[in-house]
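Report on one structure; see the data block that follows.
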Amino acid sequence: MRPQGPVFVGVPLLGPIVIWMFTRDQISGWCQDERELPWCPPHKLILLVWTTIYPVVGYASYLVWKDLGGGFGWPLALPLGLYALQLTLSWTVLTLFLAADNPGLALLDLLLLYGMVVSTVLVWRPINKLAALLLLPYLAWLTVTTAIAYRLWRDSLCPGHQP
């Protein structure tokens, strides 16, 4: 791995670290009551999964960067531009989901993020198949997170649907 590799692996973790520093005392209480959403994982598990996924996705971006010759030329604009946009959406969803207690906006952000990650997979696949494959667990986790956000949003609109 080139010296830039650890930078690519570490940069995605900056978002959760900054978000945690500013919101650790504001984390919402969703999913704490077992009656509301019994299959919802606890906050710590959600944060653990996100902080595991970020370095993997960062490594995938490194593989794409390396295969396109490194640097910051035009060939990297689309592949890494999509990555930067989806990373920003991902950091935003953490804030909306964990601190802002706004499942509706989090759901919208997650749907946009899902589309961005699928687009990134499609653009990265011809460049580096491993990098594209490394995004698949991310898509699986986004599916779980989207289901949680949808349920919380639905229950906030229709309290009668709560078990």
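FYI, nothing fancy with the structure tokens labels: chains A, B, ... in order, residues from 1 per chain, ligands from 1 as they appear.
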Check the DSSP output for the backbone and give back, as an MDAnalysis selection string, the residues of chain A in helix (DSSP H, G or I).
-> chainID A and resid 5:23 43:67 74:99 103:124 129:134 136:157 159:161
Excluding Leu111 (chain A) and residues on its chain fewer than 4 positions from it, collect all residues at most 8 Å away from it, counting only C-alpha atoms, and give them as a PDB file with all heavy atoms, in the first residue's frame.
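File written: around.pdb
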ATOM      1  N   LEU A 107     -34.574   9.431   6.380  1.00  0.00           N
ATOM      2  CA  LEU A 107     -35.046   8.502   5.357  1.00  0.00           C
ATOM      3  C   LEU A 107     -34.782   9.063   3.959  1.00  0.00           C
ATOM      4  O   LEU A 107     -34.290   8.356   3.078  1.00  0.00           O
ATOM      5  CB  LEU A 107     -36.537   8.218   5.550  1.00  0.00           C
ATOM      6  CG  LEU A 107     -37.183   7.275   4.545  1.00  0.00           C
ATOM      7  CD1 LEU A 107     -36.521   5.912   4.578  1.00  0.00           C
ATOM      8  CD2 LEU A 107     -38.671   7.162   4.833  1.00  0.00           C
ATOM      9  N   GLY A 115     -28.931   5.470  -3.627  1.00  0.00           N
ATOM     10  CA  GLY A 115     -28.743   5.692  -5.062  1.00  0.00           C
ATOM     11  C   GLY A 115     -27.317   6.080  -5.409  1.00  0.00           C
ATOM     12  O   GLY A 115     -26.763   5.631  -6.420  1.00  0.00           O
ATOM     13  N   THR A 146     -32.199   2.003   6.423  1.00  0.00           N
ATOM     14  CA  THR A 146     -33.370   2.584   5.765  1.00  0.00           C
ATOM     15  C   THR A 146     -34.652   1.993   6.331  1.00  0.00           C
ATOM     16  O   THR A 146     -35.636   2.711   6.542  1.00  0.00           O
ATOM     17  CB  THR A 146     -33.294   2.366   4.239  1.00  0.00           C
ATOM     18  OG1 THR A 146     -32.088   2.966   3.758  1.00  0.00           O
ATOM     19  CG2 THR A 146     -34.478   2.980   3.525  1.00  0.00           C
TER      20      THR A 146
END
Would you kindly return, as a PDB file with C-alpha atoms, in the first residue's frame, each protein, DNA or RNA residue with an atom no farther than 7 Å from any atom of region 5-14 of chain A, considering only C-alpha atoms and excluding same-chain residues fewer than 2 positions away?
ATOM      1  CA  MET A   1       0.000   0.000   0.000  1.00  0.00           C
ATOM      2  CA  ARG A   2       1.290   3.421  -0.917  1.00  0.00           C
ATOM      3  CA  PRO A   3       1.660   6.042   1.834  1.00  0.00           C
ATOM      4  CA  PRO A  16     -18.282  10.211  12.630  1.00  0.00           C
ATOM      5  CA  ILE A  17     -15.579  11.513  14.962  1.00  0.00           C
ATOM      6  CA  VAL A  18     -16.630  15.139  14.471  1.00  0.00           C
ATOM      7  CA  THR A  51     -17.148   2.910  11.911  1.00  0.00           C
ATOM      8  CA  TYR A  54     -16.101   3.632   6.669  1.00  0.00           C
ATOM      9  CA  PRO A  55     -12.506   2.303   6.535  1.00  0.00           C
ATOM     10  CA  GLY A  58     -12.101   4.296   2.212  1.00  0.00           C
ATOM     11  CA  TYR A  59      -9.861   1.418   1.186  1.00  0.00           C
ATOM     12  CA  SER A  61     -11.686   4.438  -2.848  1.00  0.00           C
ATOM     13  CA  TYR A  62      -7.924   4.036  -2.499  1.00  0.00           C
TER      14      TYR A  62
END
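Minimum atom-to-atom distance to Asp67 (chain A), evaluated using only C-alpha atoms, belongs to A:Pro79 out of A:Pro79, A:Trp91, A:Asp155, A:Pro137.
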Which residues, written as an NGL selection string, have at least one atom at most 12 Å from Gly81 (chain A), with only C-alpha atoms counted and residues fewer than 2 positions away on the same chain left out?
-> :A and (61 or 64-65 or 72-79 or 83-88 or 116-117 or 119-120 or 123-124)
Polymer residues at most 9 Å from Tyr150 (chain A), only C-alpha atoms, same-chain spacing of 3 or more positions, as a PyMOL selection string | chain A and resi 103-104+106-107+145-147+153-155
How many Å lie between CA of Trp39 (chain A) and CA of Leu98 (chain A), rounded to one decimal?
->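 Between CA of Trp39 (chain A) and CA of Leu98 (chain A) the gap is 16.9 Å.
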Which is closer to Pro126 (chain A) than all the others in A:Leu96, A:Leu68, A:Val144, A:Ile46, using only C-alpha atoms?
-> A:Leu68
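When only C-alpha atoms are used to compute distances to Asn128 (chain A), the closest of the residues A:Leu110, A:Leu80, A:Val93, A:Ala60 turns out to be A:Ala60.
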